Amino acid sequence: MAAARVVIVKAGNVWTSTGAADPGVVTRMFSRGFALLSGEKDGPRAVSSLFRPDDRVGIKVNTIGGRALSTRPDVALPLASWLSRNGLQGKNLFIWDRTTRELRDAGYATSAGRSGIKVFGTDTDGVGYETGLVSHLSVGSLFSKIQTEFVTASVSLAILKDHGLAGVTAGLKNYFGAIHNPNKYHDFHCNPFVAEVFDAPPVKGKHKVSIIDALVVQYHKGPSYHARWAAQYGGLIFSLDPVAADSVGWSIIERLRADAGLPTLKEEGREPSYLATAEKMGLGRAGLGSIETVEETVL
Amino acid sequence: MKRRSFIRGAAGAGLVIGTGLPSVRAGLAAFGAKPNLSRVEARYYDKLPDREVECRLCPRLCRLGDKERGYCGVRENMGGTYYTLVYGKACSLNVDPVEKKPFFHVLPGTSALSLATAGCNVNCKFCQNWEISQVRPEQIDHFDLSPDSAAAQAQTAACSSIAYTYTEPTVFFEYMYDTAIRAKRRGVRNLVVTGGHINPIPLADLLAVVDAVKVDLKGFSQEFYSEYVRGELKPVLETIRAVARSKAWLEVVYLVIPTLNDRMDLIREMAKWIRNEVGDQVPVHFSRFQPMYLVKNLPPTPISTLEAARETALEEGLRFVYLGNVPGHEGGNTFCPKCGKVVVQRVGYRIETIRLKAGRCDTCGTPIPGVWT
């Protein structure tokens with residue numbers, strides 16, 4: 001397997017005076033990130049390297065953490081807008097998560113109209129979960145119809161957090177929000193469940209790219225928000241390799257923990273062992289030695 | 001009629017007889033329904049620093065950050081306070097024969113108002129009710145039914161008991177407990193159908209207010225519990241011991257699954273354990289498995305396997321051993337352990353004859369243990 005490529009795009013001036021992320025800066029971060037990821041400077045070419053023009057693209061966000069610690073609307077909406085300006089149709093873009101309530105609590109205005117970018121939860125009337133169980137390895141779950149029926153391609157747009165049980169929650173575990181019973185998969189540090197949910201056909205068959213919102217990183221006491229251990233990292237992480245993206249995210253968390261004088265996740269007995277499992281399953285590269293990390297800062 | 005089709009048939013019938021309440025068994029088609037969750041502070045948990053909580057209700061001891069739910073999916077940490085989301089939120093309500101639970105030594109021939117909310121604290125791959133047990137409450141239809149209303153409706157429907165059943169009642173402990181108190185005041189008995197994953201303190205509190213407990217012993221090895229139940233055997237055995245020590249009546253059910261937990265040496269070991277630890281008078285039911293949920297690749301349990309399990313348990317000295325889900329089989333009857341006569345004859349869930357007088361065999365006068373009146 002060739003080395004995986006992970007792109008980190010940072011911006012020193014991403015925050016506005018109100019504390020929101022500047023959509024113009026975020027858009028430039030996406031533009032640069034996709035260019036570095038695809039090797040295509042031209043936006044439409046970068047997009048077409050990942051998606052078909054008629055793809056209906058799901059942007060799976062993670063909004064369980066409320067306004068303080070979810071994938072920001074200031075990030076998800078600029079991504080959707082950028083994709084729609086570079087070859088995808090706005091009406092074919094779905095920003096989604098488990099519930100409308102969580103999306104709203106995270107600051108999203110929901111929208112399920114026929115035209116334009118859509119934002120809604122699986123619990124929206126007429127959506128819901130499939131009635132047929134997907135039984136895959138040790139996982140048995142109902143998948144959101146958004147993942148199975150509404151979209152043809154999938155972006156994991158997660159947030160980077162420490163997680164008391166999983167160790168780290170990022171792009172792979174974000175898909176726990178695509179199943180009806182994530183509470184059943186937190187034993188054994190979520191291993192092998194994170195890897196196996198991702199490996200299930202409704203996810204693996206559609207996932208195209210992992211993007212991790214690391215503008216703010218919760219590096220300790222996650223997945224809940226604690227200002228004391230939340231760092232303004234100011235980056236977005238991109239990779240076509242979902243395991244490598246999360247492994248790099250883990251390394252960022254470890255650096256922030258070390259800076260704060262905290263023990264490593266391994267020392268706390270909760271390193272994200274599901275990443276090694278995911279690598280064994282052929283889902284991507286977990287070892288940093290086999291990952292090429294490219295970091296740039298946009299103005 | 002199979003259990004599931006009976007439930008569905010009952011749901012289709014419209015109302016719980018005599019109560020005016022909808023006979024309900026929530027279905028998956030209801031996914032997407034608007035949530036109607038309770039926010040009642042849970043019992044049995046510790047508040048920890050940084051808005052974390054540790055649930056003390058069951059052996060999982062879920063430690064949860066803010067906004068997280070326990071393994072059961074029905075208890076949530078909101079800002080450092082732990083809440084049950086299913087208090088008074090019934091998803092299933094039916095009038096069932098008490099034999100269906102099954103309780104064979106508790107008020108035979110009577111009806112039990114059978115009540116459930118969503119949720120379970122294990123994840124059996126062979127779950128027979130997974131559409132309601134393995135989901136979050138907001139993912140299925142449910143309706144408001146307060147403890148007072150449940151107790152009153154049981155009386156109105158001429159039910160001798162309320163059975164907390166279908167899913168795992170431990171996860172709706174607060175609702176069950178408060179309902180049991182109110183039912184008891186009205187002279188309605190309380191029956192618990194559980195997998196036994198509950199910690200000793202809440203169990204002791206529960207046993208003070210309920211009349212009978214049926215424990216599903218799902219296997220007799222930790223390996224089976226790890227692989228197919230996602231739980232622990234030891235706490236279940238502790239629960240069985242605790243129920244046997246209490247004033248509540250105990251029955252044990254063992255769902256026999258071909259190739260997974262049907263080894264006769266393990267069944268013999270289990271029978272010995274029951275005899276030695278809780279006594280030979282405890283009724284034990286060997287129930288027939290039907291392919292379901294994540295175990296669809298196995299056939300229904302052969303009757304011969306169930307018969308062999310029953311014979312094995314009888315050989316080990318258990319006095320009351322039954323076959324379940326095999327309507328019309330003689331293993332569904334209660335025999336006097338002394339004279340061998342049938343004292344309770346059943347066909348499926350229907351009682352044909354009862355030959356008991358004041359809890360004694362009508363023929364030879366031997367006491368038959370149970371809750372008969």
# chains A, B, ... in the order shown; residues from 1 in each chain; ligands from 1
$ residues_around --residues "region 204-217 of chain A" --least-positions-apart "5" --cutoff "7 Å" --atoms "only C-alpha atoms" --output "short mmCIF file (atom, residue, chain, number, x, y, z; two decimals) with C-alpha atoms, in the first residue's frame"
data_model
loop_
_atom_site.label_atom_id
_atom_site.label_comp_id
_atom_site.auth_asym_id
_atom_site.auth_seq_id
_atom_site.Cartn_x
_atom_site.Cartn_y
_atom_site.Cartn_z
CA LEU A 50 -13.68 12.92 -6.41
CA THR A 71 -18.74 20.64 13.09
CA THR A 152 -24.53 8.65 -3.82
CA ALA A 153 -21.27 9.93 -2.35
CA SER A 154 -20.25 10.79 1.15
CA VAL A 155 -17.95 13.25 2.89
CA SER A 156 -17.14 12.78 6.54
CA LEU A 157 -16.87 16.32 7.90
CA ALA A 158 -16.14 15.54 11.52
CA ILE A 159 -14.73 17.48 14.42
CA LEU A 160 -11.56 16.46 16.22
CA LYS A 161 -12.09 15.49 19.83
CA ALA A 170 -12.88 12.11 14.20
CA GLY A 171 -13.76 11.08 10.67
CA PHE A 198 -17.03 2.28 8.34
CA ASP A 199 -16.36 -0.98 6.53
CA ALA A 230 -10.08 23.12 24.02
CA ALA A 231 -7.35 24.57 21.79
CA GLN A 232 -7.77 26.90 18.84
CA TYR A 233 -5.74 24.78 16.46
CA GLY A 234 -7.08 26.62 13.42
CA GLY A 235 -6.76 23.83 10.89
CA LEU A 236 -8.69 21.64 8.51
CA ILE A 237 -7.43 18.12 7.83
CA PHE A 238 -8.04 16.48 4.45
CA SER A 239 -7.38 12.95 3.27
CA LEU A 240 -8.64 10.37 0.87
CA PRO A 242 -9.92 7.89 6.30
CA ALA A 245 -6.75 11.40 8.51
#
$ closest_atom_pairs --of "chain A" --to "chain B" --cutoff "6 Å" --atoms "only C-alpha atoms" --output "CSV"
residue,atom,partner,partner_atom,distance
A:Asp123,CA,B:Gly32,CA,4.1
A:Thr124,CA,B:Gly32,CA,5.6
A:Asp125,CA,B:Gly32,CA,5.3
A:Gly128,CA,B:Gly32,CA,4.5
A:Asn183,CA,B:Tyr71,CA,4.8
A:Lys184,CA,B:Tyr71,CA,5.6
A:Ser224,CA,B:Asp66,CA,5.4
$ write_last_selection --atoms "N, CA and C atoms" --output "compact mmCIF listing (two decimals), in the first residue's frame"
# COMPACT_ATOMS: atom_id res chain seq x y z
N ASP A 123 -33.98 12.17 11.61
CA ASP A 123 -35.30 12.08 12.24
C ASP A 123 -36.35 12.96 11.55
N THR A 124 -36.00 13.58 10.45
CA THR A 124 -36.97 14.38 9.71
C THR A 124 -38.08 13.47 9.17
N ASP A 125 -39.30 13.96 9.24
CA ASP A 125 -40.42 13.18 8.70
C ASP A 125 -40.12 12.76 7.27
N GLY A 128 -35.76 8.98 8.25
CA GLY A 128 -35.67 7.81 9.13
C GLY A 128 -34.57 6.84 8.75
N ASN A 183 -24.88 3.61 20.63
CA ASN A 183 -24.64 3.32 22.04
C ASN A 183 -24.20 1.88 22.28
N LYS A 184 -24.47 1.01 21.31
CA LYS A 184 -24.08 -0.39 21.49
C LYS A 184 -22.63 -0.65 21.11
N SER A 224 -17.29 15.86 25.44
CA SER A 224 -18.00 17.08 25.80
C SER A 224 -17.05 18.28 25.72
$ atom_distance --atom1 "CA of Ser304 (chain B)" --atom2 "CA of Val193 (chain B)"
26.4 Å
$ select_by_dssp --residues "region 24-259 of chain B" --states "strand (DSSP E or B)" --output "NGL selection string"
:B and (24-25 or 40-41 or 45-47 or 53-55 or 63-64 or 69 or 75-78 or 81-84 or 89-90 or 92-97 or 106 or 111-116 or 143-144 or 161-164 or 189-194 or 212-216 or 249-256)
$ residues_around --residues "Pro337 (chain B)" --least-positions-apart "2" --cutoff "8 Å" --atoms "only C-alpha atoms" --output "list in words"
Arg319, Phe320, Phe335, Cys339 and Gly340 of chain B
$ residues_around --residues "Ala244 (chain A)" --least-positions-apart "2" --cutoff "7 Å" --atoms "only C-alpha atoms" --output "PDB file with C-alpha atoms, in the first residue's frame"
ATOM      1  CA  ALA A   4      -1.234   7.887   2.522  1.00  0.00           C
ATOM      2  CA  VAL A   6      -2.881  13.912   4.631  1.00  0.00           C
ATOM      3  CA  ASP A 241      -7.427   7.840   3.432  1.00  0.00           C
ATOM      4  CA  PRO A 242      -9.923   7.885   6.299  1.00  0.00           C
ATOM      5  CA  ASP A 246      -7.765  10.199  11.956  1.00  0.00           C
ATOM      6  CA  SER A 247      -4.248   9.061  12.823  1.00  0.00           C
ATOM      7  CA  VAL A 248      -2.917  12.512  12.074  1.00  0.00           C
ATOM      8  CA  GLY A 284      -6.134   2.859   5.274  1.00  0.00           C
ATOM      9  CA  ARG A 285      -2.836   3.605   6.944  1.00  0.00           C
ATOM     10  CA  ALA A 286      -2.633   4.099  10.684  1.00  0.00           C
ATOM     11  CA  ILE A 291       1.616   8.794   6.120  1.00  0.00           C
TER      12      ILE A 291
END
$ closest_residue --among "A:Ala3, A:Ala227, A:Val26, A:Ala109" --to "Glu292 (chain A)" --atoms "only C-alpha atoms"
A:Ala3
$ atom_distance --atom1 "CA of Pro202 (chain B)" --atom2 "CA of Thr117 (chain B)"
18.4 Å
$ residues_around --residues "Leu233 (chain B)" --least-positions-apart "5" --cutoff "8 Å" --atoms "only C-alpha atoms" --output "ChimeraX atom specification"
/B:219-222,225
$ write_last_selection --atoms "N, CA and C atoms" --output "mmCIF file, in the first residue's frame"
data_model
loop_
_atom_site.group_PDB
_atom_site.id
_atom_site.type_symbol
_atom_site.label_atom_id
_atom_site.label_comp_id
_atom_site.auth_asym_id
_atom_site.auth_seq_id
_atom_site.Cartn_x
_atom_site.Cartn_y
_atom_site.Cartn_z
ATOM 1 N N GLY B 219 -27.317 -18.309 28.711
ATOM 2 C CA GLY B 219 -26.306 -19.322 28.445
ATOM 3 C C GLY B 219 -25.647 -19.635 29.768
ATOM 4 N N PHE B 220 -24.677 -20.532 29.739
ATOM 5 C CA PHE B 220 -24.020 -20.825 31.006
ATOM 6 C C PHE B 220 -22.514 -20.811 30.856
ATOM 7 N N SER B 221 -22.028 -19.890 30.046
ATOM 8 C CA SER B 221 -20.581 -19.672 29.949
ATOM 9 C C SER B 221 -20.348 -18.193 29.654
ATOM 10 N N GLN B 222 -19.255 -17.694 30.182
ATOM 11 C CA GLN B 222 -18.927 -16.297 29.913
ATOM 12 C C GLN B 222 -18.638 -16.094 28.425
ATOM 13 N N TYR B 225 -21.822 -15.349 26.783
ATOM 14 C CA TYR B 225 -22.295 -14.002 27.118
ATOM 15 C C TYR B 225 -21.476 -12.926 26.398
#
$ closest_residue --among "B:Lys218, B:Lys184, B:His197, B:Arg189" --to "Leu266 (chain B)" --atoms "only C-alpha atoms"
B:Lys218
$ decode --residues "region 211-255 of chain B" --atoms "C-alpha atoms" --output "PDB file, in the first residue's frame"
ATOM      1  CA  ASP B 211     -43.968 -10.197  43.462  1.00  0.00           C
ATOM      2  CA  ALA B 212     -42.154 -12.326  40.908  1.00  0.00           C
ATOM      3  CA  VAL B 213     -39.106 -12.187  38.704  1.00  0.00           C
ATOM      4  CA  LYS B 214     -38.355 -14.249  35.656  1.00  0.00           C
ATOM      5  CA  VAL B 215     -34.692 -14.210  34.760  1.00  0.00           C
ATOM      6  CA  ASP B 216     -33.532 -15.007  31.252  1.00  0.00           C
ATOM      7  CA  LEU B 217     -30.387 -17.023  31.730  1.00  0.00           C
ATOM      8  CA  LYS B 218     -29.130 -16.828  28.190  1.00  0.00           C
ATOM      9  CA  GLY B 219     -26.306 -19.322  28.445  1.00  0.00           C
ATOM     10  CA  PHE B 220     -24.020 -20.825  31.006  1.00  0.00           C
ATOM     11  CA  SER B 221     -20.581 -19.672  29.949  1.00  0.00           C
ATOM     12  CA  GLN B 222     -18.927 -16.297  29.913  1.00  0.00           C
ATOM     13  CA  GLU B 223     -17.782 -16.979  26.371  1.00  0.00           C
ATOM     14  CA  PHE B 224     -21.393 -17.154  25.239  1.00  0.00           C
ATOM     15  CA  TYR B 225     -22.295 -14.002  27.118  1.00  0.00           C
ATOM     16  CA  SER B 226     -19.334 -12.143  25.606  1.00  0.00           C
ATOM     17  CA  GLU B 227     -19.962 -13.251  22.057  1.00  0.00           C
ATOM     18  CA  TYR B 228     -23.740 -13.368  21.786  1.00  0.00           C
ATOM     19  CA  VAL B 229     -25.131 -11.277  24.624  1.00  0.00           C
ATOM     20  CA  ARG B 230     -22.511  -8.560  25.048  1.00  0.00           C
ATOM     21  CA  GLY B 231     -22.846  -8.952  28.746  1.00  0.00           C
ATOM     22  CA  GLU B 232     -21.572 -10.757  31.807  1.00  0.00           C
ATOM     23  CA  LEU B 233     -22.776 -14.052  33.236  1.00  0.00           C
ATOM     24  CA  LYS B 234     -21.684 -13.487  36.822  1.00  0.00           C
ATOM     25  CA  PRO B 235     -24.030 -10.587  37.623  1.00  0.00           C
ATOM     26  CA  VAL B 236     -26.932 -12.578  36.195  1.00  0.00           C
ATOM     27  CA  LEU B 237     -26.167 -15.457  38.524  1.00  0.00           C
ATOM     28  CA  GLU B 238     -25.942 -12.977  41.392  1.00  0.00           C
ATOM     29  CA  THR B 239     -29.359 -11.648  40.449  1.00  0.00           C
ATOM     30  CA  ILE B 240     -30.812 -15.155  40.455  1.00  0.00           C
ATOM     31  CA  ARG B 241     -29.355 -15.760  43.902  1.00  0.00           C
ATOM     32  CA  ALA B 242     -30.714 -12.451  45.186  1.00  0.00           C
ATOM     33  CA  VAL B 243     -34.220 -13.105  43.878  1.00  0.00           C
ATOM     34  CA  ALA B 244     -34.185 -16.567  45.422  1.00  0.00           C
ATOM     35  CA  ARG B 245     -33.224 -15.067  48.786  1.00  0.00           C
ATOM     36  CA  SER B 246     -36.006 -12.486  48.572  1.00  0.00           C
ATOM     37  CA  LYS B 247     -39.730 -12.858  49.077  1.00  0.00           C
ATOM     38  CA  ALA B 248     -40.290 -12.546  45.311  1.00  0.00           C
ATOM     39  CA  TRP B 249     -41.058 -15.657  43.311  1.00  0.00           C
ATOM     40  CA  LEU B 250     -38.343 -16.769  40.874  1.00  0.00           C
ATOM     41  CA  GLU B 251     -38.548 -18.557  37.557  1.00  0.00           C
ATOM     42  CA  VAL B 252     -35.700 -19.063  35.090  1.00  0.00           C
ATOM     43  CA  VAL B 253     -35.875 -19.248  31.312  1.00  0.00           C
ATOM     44  CA  TYR B 254     -33.169 -20.639  29.071  1.00  0.00           C
ATOM     45  CA  LEU B 255     -33.586 -20.012  25.348  1.00  0.00           C
TER      46      LEU B 255
END
